[in-house]
Each structure stands twice: as C-alpha cells, then as structure tokens.
file model_13.txt (compact mmCIF, C-alpha atoms)
# COMPACT_ATOMS: atom_id res chain seq x y z
CA VAL A 1 0.00 0.00 0.00
CA ASN A 2 2.80 2.43 0.87
CA GLN A 3 4.38 2.19 -2.57
CA TYR A 4 1.06 2.97 -4.27
CA GLU A 5 0.51 5.96 -1.99
CA ALA A 6 3.92 7.33 -2.94
CA ALA A 7 3.16 6.92 -6.63
CA LEU A 8 -0.28 8.48 -6.18
CA ALA A 9 1.37 11.53 -4.62
CA GLY A 10 3.41 11.99 -7.77
CA ALA A 11 6.72 10.51 -6.66
CA LYS A 12 8.85 8.58 -9.13
CA THR A 13 8.65 5.24 -7.39
CA PHE A 14 11.00 2.34 -8.10
CA LEU A 15 10.93 -1.12 -6.55
CA VAL A 16 14.20 -2.81 -5.60
CA ASN A 17 14.61 -6.56 -5.30
CA GLY A 18 16.46 -6.17 -2.02
CA LEU A 19 16.22 -4.56 1.41
CA ILE A 20 16.24 -1.00 2.70
CA THR A 21 20.02 -1.10 2.92
CA ASP A 22 20.15 -1.79 -0.82
CA CYS A 23 17.85 1.17 -1.48
CA GLY A 24 20.15 3.39 0.57
CA ARG A 25 23.18 2.22 -1.42
CA ILE A 26 21.46 3.07 -4.72
CA VAL A 27 20.67 6.57 -3.46
CA ARG A 28 24.26 7.11 -2.32
CA GLU A 29 25.64 5.94 -5.65
CA GLY A 30 23.21 7.98 -7.72
CA LYS A 31 22.75 11.21 -5.78
CA SER A 32 25.49 13.15 -7.59
CA ARG A 33 24.51 12.05 -11.07
CA MET A 34 20.77 12.35 -10.46
CA ASP A 35 21.02 15.52 -8.33
CA TRP A 36 19.19 13.79 -5.47
CA PHE A 37 19.13 14.91 -1.85
CA ASP A 38 19.60 11.89 0.42
CA LEU A 39 16.65 11.75 2.82
CA SER A 40 17.36 8.23 4.04
CA THR A 41 17.61 7.49 7.76
CA LEU A 42 20.11 9.71 9.58
CA LYS A 43 21.53 11.10 6.34
CA GLU A 44 19.86 14.44 7.08
CA PRO A 45 19.41 16.36 10.36
CA TYR A 46 15.67 16.80 10.34
CA ARG A 47 14.05 13.44 11.00
CA ILE A 48 15.29 13.02 14.57
CA GLU A 49 14.12 16.54 15.36
CA GLY A 50 10.72 15.62 13.95
CA LYS A 51 10.58 12.35 15.86
CA LYS A 52 11.30 14.31 19.04
CA THR A 53 7.70 15.52 18.93
CA MET A 54 6.56 12.05 20.02
CA GLY A 55 8.50 12.49 23.24
CA LEU A 56 7.37 16.09 23.70
CA GLU A 57 3.69 15.27 23.17
CA LEU A 58 3.92 12.22 25.43
CA ALA A 59 5.42 14.31 28.22
CA GLU A 60 2.75 16.99 27.80
CA GLN A 61 -0.11 14.47 27.77
CA LEU A 62 1.21 12.82 30.93
CA ARG A 63 1.51 16.21 32.65
CA TRP A 64 5.32 16.20 32.47
CA GLN A 65 5.69 12.92 34.33
CA LEU A 66 7.31 10.41 32.02
CA PRO A 67 6.26 6.75 32.04
CA ASP A 68 8.37 4.03 33.60
CA VAL A 69 8.83 2.08 30.37
CA ILE A 70 8.49 2.84 26.65
CA LEU A 71 8.42 0.03 24.09
CA TYR A 72 9.21 1.04 20.53
CA PRO A 73 9.70 -1.08 17.39
CA THR A 74 13.20 -0.46 16.12
CA GLY A 75 14.37 -0.49 12.53
CA GLY A 76 16.45 2.59 11.73
CA GLY A 77 15.81 3.76 15.29
CA THR A 78 15.00 7.43 14.72
CA GLY A 79 11.84 7.22 16.83
CA LEU A 80 13.63 5.86 19.87
CA ILE A 81 16.63 8.16 19.40
CA GLY A 82 14.41 11.21 18.90
CA MET A 83 12.31 10.54 21.99
CA TRP A 84 15.37 10.03 24.15
CA LYS A 85 16.80 13.32 22.88
CA ALA A 86 13.52 15.08 23.69
CA PHE A 87 13.52 13.73 27.24
CA GLN A 88 17.10 14.91 27.83
CA GLU A 89 16.25 18.38 26.58
CA LEU A 90 13.09 18.59 28.69
CA ALA A 91 15.11 17.63 31.75
CA ALA A 92 17.77 20.23 30.92
CA ILE A 93 15.24 23.07 30.80
CA GLY A 94 13.47 21.90 33.96
CA TRP A 95 10.08 21.04 32.47
CA LEU A 96 9.79 17.56 33.96
CA GLU A 97 8.15 16.90 37.31
CA SER A 98 10.75 14.23 38.07
CA PRO A 99 14.30 13.62 36.81
CA LYS A 100 13.51 9.91 36.43
CA MET A 101 13.77 8.79 32.82
CA PRO A 102 11.76 5.95 31.23
CA ARG A 103 13.48 2.67 30.47
CA MET A 104 13.62 2.48 26.68
CA VAL A 105 12.91 -0.90 25.11
CA SER A 106 14.08 -1.53 21.55
CA VAL A 107 11.89 -4.23 19.99
CA GLN A 108 12.74 -6.34 16.95
CA SER A 109 11.62 -9.60 15.36
CA THR A 110 13.73 -12.74 15.44
CA GLY A 111 13.66 -12.45 11.65
CA CYS A 112 15.82 -9.31 11.80
CA ALA A 113 17.41 -8.53 15.15
CA PRO A 114 20.82 -6.85 14.77
CA ILE A 115 20.25 -4.40 17.63
CA THR A 116 19.12 -7.12 20.03
CA ARG A 117 22.14 -9.24 19.15
CA ALA A 118 24.57 -6.35 19.70
CA PHE A 119 22.90 -5.49 23.01
CA GLU A 120 23.18 -9.06 24.25
CA ARG A 121 26.85 -9.19 23.23
CA GLY A 122 27.61 -5.92 24.99
CA GLU A 123 28.65 -4.28 21.72
CA ARG A 124 28.14 -0.65 20.73
CA PHE A 125 27.87 -1.33 17.01
CA ALA A 126 25.63 -3.95 15.42
CA GLU A 127 26.90 -6.35 12.78
CA PRO A 128 24.68 -6.63 9.67
CA PHE A 129 21.98 -9.25 10.14
CA ALA A 130 22.26 -11.87 7.41
CA GLY A 131 19.11 -13.27 5.82
CA ALA A 132 16.80 -10.63 7.28
CA GLU A 133 13.16 -11.57 6.73
CA THR A 134 10.10 -10.33 8.59
CA VAL A 135 6.57 -9.31 7.65
CA ALA A 136 7.16 -6.20 9.80
CA ARG A 137 8.79 -4.17 7.04
CA GLY A 138 9.43 -1.15 9.25
CA ILE A 139 11.88 -3.13 11.37
CA ARG A 140 13.39 -5.12 8.50
CA VAL A 141 16.62 -3.13 8.70
CA PRO A 142 19.64 -5.45 8.75
CA ALA A 143 22.20 -2.67 9.26
CA ALA A 144 20.97 0.49 10.99
CA VAL A 145 23.10 3.59 10.39
CA GLY A 146 22.35 4.82 13.92
CA ASP A 147 22.98 1.50 15.66
CA PHE A 148 25.31 3.04 18.25
CA MET A 149 22.82 5.83 19.02
CA ILE A 150 20.04 3.30 19.61
CA LEU A 151 22.22 1.15 21.86
CA ASP A 152 23.54 4.19 23.75
CA ALA A 153 20.00 5.39 24.50
CA VAL A 154 18.78 1.95 25.57
CA ARG A 155 21.72 1.42 27.92
CA ALA A 156 21.70 4.96 29.32
CA SER A 157 18.02 4.56 30.21
CA GLY A 158 18.50 1.21 31.93
CA GLY A 159 16.40 -0.37 29.20
CA VAL A 160 16.78 -3.46 27.08
CA ALA A 161 16.83 -4.59 23.44
CA ILE A 162 14.60 -7.58 22.88
CA SER A 163 13.43 -9.66 19.93
CA VAL A 164 10.20 -11.64 19.71
CA GLU A 165 9.17 -14.64 17.63
CA GLU A 166 8.37 -13.74 14.03
CA SER A 167 5.81 -16.55 13.85
CA ARG A 168 3.69 -14.95 16.58
CA LEU A 169 3.31 -11.44 15.13
CA GLY A 170 -0.10 -12.27 13.66
CA GLU A 171 -1.26 -13.59 17.02
CA TRP A 172 -0.29 -10.36 18.77
CA MET A 173 -1.94 -8.26 16.05
CA GLN A 174 -5.16 -10.15 16.71
CA LEU A 175 -4.75 -9.77 20.47
CA ALA A 176 -4.47 -5.98 20.20
CA VAL A 177 -7.57 -5.58 18.05
CA SER A 178 -9.68 -8.06 20.03
CA ARG A 179 -8.73 -6.66 23.45
CA GLU A 180 -8.36 -2.96 22.71
CA GLY A 181 -10.10 -2.41 19.37
CA ILE A 182 -6.86 -1.04 17.92
CA SER A 183 -5.71 -2.13 14.47
CA VAL A 184 -1.94 -2.38 14.85
CA CYS A 185 0.83 -3.09 12.38
CA PRO A 186 3.19 -6.07 12.80
CA GLU A 187 5.86 -3.76 14.22
CA THR A 188 3.57 -2.75 17.06
CA ALA A 189 2.50 -6.36 17.47
CA ALA A 190 6.16 -7.11 18.20
CA CYS A 191 5.96 -4.60 21.05
CA VAL A 192 2.84 -6.30 22.38
CA GLY A 193 4.79 -9.55 22.42
CA ALA A 194 7.76 -7.89 24.11
CA LEU A 195 5.46 -6.43 26.76
CA GLU A 196 4.07 -9.90 27.39
CA GLN A 197 7.56 -11.37 27.77
CA LEU A 198 8.93 -8.61 29.99
CA ALA A 199 5.87 -8.73 32.25
CA LYS A 200 6.20 -12.50 32.67
CA THR A 201 9.82 -12.13 33.79
CA ASN A 202 8.85 -9.24 36.10
CA TRP A 203 11.21 -6.88 34.28
CA ILE A 204 8.08 -4.76 33.96
CA LYS A 205 6.24 -4.58 37.27
CA PRO A 206 2.42 -4.60 37.58
CA HIS A 207 2.36 -1.10 39.10
CA GLU A 208 4.50 0.55 36.42
CA ARG A 209 3.19 2.91 33.77
CA VAL A 210 4.04 1.53 30.34
CA VAL A 211 3.65 3.10 26.89
CA VAL A 212 3.58 1.05 23.69
CA PHE A 213 3.78 3.10 20.50
CA ASN A 214 1.58 2.03 17.59
CA THR A 215 3.50 3.01 14.48
CA GLY A 216 1.07 1.92 11.78
CA ALA A 217 -2.21 0.29 10.81
CA ALA A 218 -2.83 -3.37 10.02
CA GLN A 219 -4.54 -2.37 6.76
CA LYS A 220 -1.15 -1.60 5.22
CA TYR A 221 -0.07 -5.20 5.74
CA LEU A 222 -2.70 -7.18 3.89
CA GLU A 223 -0.40 -10.19 3.57
CA ALA A 224 -0.22 -10.36 7.37
CA ILE A 225 -3.97 -10.22 7.98
CA ALA A 226 -5.37 -12.02 4.93
CA THR A 227 -7.57 -14.99 5.79
CA THR A 228 -10.08 -17.21 4.00
CA LEU A 229 -13.62 -16.23 4.96
CA PRO A 230 -16.60 -18.59 4.69
CA ARG A 231 -19.15 -17.59 2.04
CA ILE A 232 -22.93 -17.79 2.07
CA ASP A 233 -24.29 -18.80 -1.33
CA LEU A 234 -27.54 -16.91 -1.89
CA GLY A 235 -28.42 -19.35 -4.67
CA GLN A 236 -28.82 -22.12 -2.11
CA PRO A 237 -30.91 -22.50 1.07
CA ILE A 238 -29.05 -20.98 3.99
CA ASP A 239 -27.25 -23.70 5.96
CA TRP A 240 -27.68 -22.42 9.49
CA ASP A 241 -25.88 -25.43 10.96
CA ALA A 242 -22.80 -24.64 8.87
CA ILE A 243 -22.92 -21.02 9.97
CA GLU A 244 -23.15 -22.11 13.59
CA ARG A 245 -20.15 -24.43 13.17
CA ALA A 246 -17.98 -21.82 11.44
call {"tool": "encode", "arguments": {"input": "model_13.txt", "output": "structure tokens"}}
result
Amino acid sequence: VNQYEAALAGAKTFLVNGLITDCGRIVREGKSRMDWFDLSTLKEPYRIEGKKTMGLELAEQLRWQLPDVILYPTGGGTGLIGMWKAFQELAAIGWLESPKMPRMVSVQSTGCAPITRAFERGERFAEPFAGAETVARGIRVPAAVGDFMILDAVRASGGVAISVEESRLGEWMQLAVSREGISVCPETAACVGALEQLAKTNWIKPHERVVVFNTGAAQKYLEAIATTLPRIDLGQPIDWDAIERA
C-alpha cells in the first residue's frame, strides 16, 4: 500500500529486489549524477528533530511525568533516538516533574534482530543481520546507520533490546484488536509480544506505567492479515448449521 501511496502523490517510485540497505546504497551511488538529496535514515538532520515531537507530546499528555517504560519497534531507530533526545532536553530546561527517565525498550523480530544481538553481546555497534526476513517491514533493517545511538539510548536509560518470535506477530496483532479495538501493524505487534515477555519475567512490574507506540495500521499489511472467509451462497438455502459451526 505504501508504494502505491507514494506513486499516487506523484513521486517517481522504483521497486528494488532487495532490502532497505540496498535502497540506501542506490541513493548514495546515484545522488550526484541524479542531483538527489539523500533523505534516508540519519543522512539528514531533520528526522530526529521531527521524531522528538513524540517524546514532547507524550510528556505533555502525561503532565510532564514520564512513564516508567516505553516500548518502541526499532528499525532505523530514529523514533527511539528522537524521543530520548527530547527527554534529555526537557530535563535540561526543567520542564519535567521528576528527573527519572523511562526505560527504553528496543523491539525487533527474530527475523531481523541486529540491535538485540549487539545489546546481548555488549557491543556498541551492530553487525549486519544476514538473511533478514520479517513481515514487519518497518523493522526489516539489517544494518541500521544509527545503531550506536540506539544502543547508547537503551543502555543509558536502563532499558533493554529484545526480539520476539516472528511466527507470533499475527497472534499479537489479533490480540491488540480483540482486546483494545486497535488495528496495529506487525511492528507494534512485536511490542505487544515484548510487553508480554517482559511482564512475565517481572522486568516490567504490575504497578508501572508503560507506553507502547503504535507506528502503523494493520490495513497496510494485507499479507499479514489475509484470511479465507466462509461464504454464504444466496443461490442455495441458507445452511444455518454450517454457519453455527464456522
């Protein structure tokens, strides 16, 4: 859906038989010849400043008392990095009711988890994740440019980088919509799974205030939500028993 929206808006849209890292390489190689400005993740100074607004609005909505834990799906990491920057700046100007910072949780899928792997190894830089494959396209980033910034923020906050089972993303998408009426993308579903795991291990306590960011709608991931629905043939008598069994 995203690619069609870009084309509809008038953008020259090209598909690449690779990953986001391959797209970034093409832009780097072609920007001089094509007179392009590189807007890819962390290649310009504006996106992190824009992502900061998530942290600013969250602080304002919670009356300047930040939550205990924030779970955020992490691909390129600008959302997590931007929020952490916002919180540091709010603290510096004295707008927060408490100096206590939230524990930042970077969430990835087992299908593409370079940040989680680097965190577990105690490394500051993440090695490229070979064979990256996940339905959650927003976190299908095998080599994040800002890997060290993500890991620095997670560690400075006392947080954690965690990956959840790729095979269960659909289950967590369904859980969110059935329990809360919120249509979430697979990336957010990963955060729902991470919340479940961290609560079970008591890393997140029952009394703590936790924020899970929903970064997209399920409708943009038709392949993740497609299912075969039973049909009622109006040319035949209605089989009420079959409907009841369905």
call {"tool": "residues_around", "arguments": {"input": "model_13.txt", "residues": "segment 172-187 of chain A", "least_positions_apart": "3", "cutoff": "8 Å", "atoms": "all atoms listed in the file", "output": "mmCIF file with C-alpha atoms, in the coordinates of the input"}}
result
data_model
loop_
_atom_site.group_PDB
_atom_site.id
_atom_site.type_symbol
_atom_site.label_atom_id
_atom_site.label_comp_id
_atom_site.auth_asym_id
_atom_site.auth_seq_id
_atom_site.Cartn_x
_atom_site.Cartn_y
_atom_site.Cartn_z
ATOM 1 C CA PRO A 73 9.700 -1.080 17.390
ATOM 2 C CA GLN A 108 12.740 -6.340 16.950
ATOM 3 C CA VAL A 135 6.570 -9.310 7.650
ATOM 4 C CA ALA A 136 7.160 -6.200 9.800
ATOM 5 C CA ARG A 137 8.790 -4.170 7.040
ATOM 6 C CA GLY A 138 9.430 -1.150 9.250
ATOM 7 C CA ILE A 139 11.880 -3.130 11.370
ATOM 8 C CA ARG A 168 3.690 -14.950 16.580
ATOM 9 C CA LEU A 169 3.310 -11.440 15.130
ATOM 10 C CA ALA A 190 6.160 -7.110 18.200
ATOM 11 C CA CYS A 191 5.960 -4.600 21.050
ATOM 12 C CA VAL A 192 2.840 -6.300 22.380
ATOM 13 C CA GLY A 193 4.790 -9.550 22.420
ATOM 14 C CA ASN A 214 1.580 2.030 17.590
ATOM 15 C CA THR A 215 3.500 3.010 14.480
ATOM 16 C CA GLY A 216 1.070 1.920 11.780
ATOM 17 C CA ALA A 217 -2.210 0.290 10.810
ATOM 18 C CA ALA A 218 -2.830 -3.370 10.020
ATOM 19 C CA GLN A 219 -4.540 -2.370 6.760
ATOM 20 C CA LYS A 220 -1.150 -1.600 5.220
ATOM 21 C CA TYR A 221 -0.070 -5.200 5.740
ATOM 22 C CA ALA A 224 -0.220 -10.360 7.370
#
call {"tool": "closest_residue", "arguments": {"input": "model_13.txt", "among": "A:Ala59, A:Leu19, A:Ala199, A:Leu71", "to": "Cys112 of chain A", "atoms": "only C-alpha atoms"}}
result
A:Leu19
call {"tool": "residues_around", "arguments": {"input": "model_13.txt", "residues": "Gly82 of chain A", "least_positions_apart": "3", "cutoff": "7 Å", "atoms": "all atoms listed in the file", "output": "ChimeraX atom specification"}}
result
/A:48-49,51-52,78-79,85-86
call {"tool": "write_last_selection", "arguments": {"input": "model_13.txt", "atoms": "C-alpha atoms", "output": "short mmCIF file (atom, residue, chain, number, x, y, z; two decimals), in the coordinates of the input"}}
result
data_model
loop_
_atom_site.label_atom_id
_atom_site.label_comp_id
_atom_site.auth_asym_id
_atom_site.auth_seq_id
_atom_site.Cartn_x
_atom_site.Cartn_y
_atom_site.Cartn_z
CA ILE A 48 15.29 13.02 14.57
CA GLU A 49 14.12 16.54 15.36
CA LYS A 51 10.58 12.35 15.86
CA LYS A 52 11.30 14.31 19.04
CA THR A 78 15.00 7.43 14.72
CA GLY A 79 11.84 7.22 16.83
CA LYS A 85 16.80 13.32 22.88
CA ALA A 86 13.52 15.08 23.69
#
call {"tool": "closest_residue", "arguments": {"input": "model_13.txt", "among": "A:Ser32, A:Gln236, A:Ser98, A:Thr116", "to": "Gln65 of chain A", "atoms": "all atoms listed in the file"}}
result
A:Ser98
call {"tool": "atom_distance", "arguments": {"input": "model_13.txt", "atom1": "atom CA of Phe213 of chain A", "atom2": "atom CA of Glu127 of chain A"}}
result
26.1 Å
call {"tool": "atom_distance", "arguments": {"input": "model_13.txt", "atom1": "atom CA of Met83 of chain A", "atom2": "atom CA of Ala113 of chain A"}}
result
20.9 Å
call {"tool": "atom_distance", "arguments": {"input": "model_13.txt", "atom1": "atom CA of Trp95 of chain A", "atom2": "atom CA of Asp68 of chain A"}}
result
17.1 Å
call {"tool": "closest_residue", "arguments": {"input": "model_13.txt", "among": "A:Arg140, A:Lys100, A:Arg33, A:Lys43", "to": "Thr74 of chain A", "atoms": "all atoms listed in the file"}}
result
A:Arg140
call {"tool": "closest_residue", "arguments": {"input": "model_13.txt", "among": "A:Lys200, A:Leu56, A:Val27, A:Gly18", "to": "Gly131 of chain A", "atoms": "all atoms listed in the file"}}
result
A:Gly18
call {"tool": "residues_around", "arguments": {"input": "model_13.txt", "residues": "Arg63 of chain A", "least_positions_apart": "3", "cutoff": "9 Å", "atoms": "all atoms listed in the file", "output": "list in words"}}
result
Leu58, Ala59, Glu60, Leu66, Leu96 and Glu97 of chain A
call {"tool": "closest_residue", "arguments": {"input": "model_13.txt", "among": "A:Ala144, A:Leu234, A:Gly76, A:Trp64", "to": "Gly94 of chain A", "atoms": "all atoms listed in the file"}}
result
A:Trp64
call {"tool": "closest_residue", "arguments": {"input": "model_13.txt", "among": "A:Ser157, A:Asn17, A:Thr188, A:Asn2", "to": "Glu171 of chain A", "atoms": "all atoms listed in the file"}}
result
A:Thr188
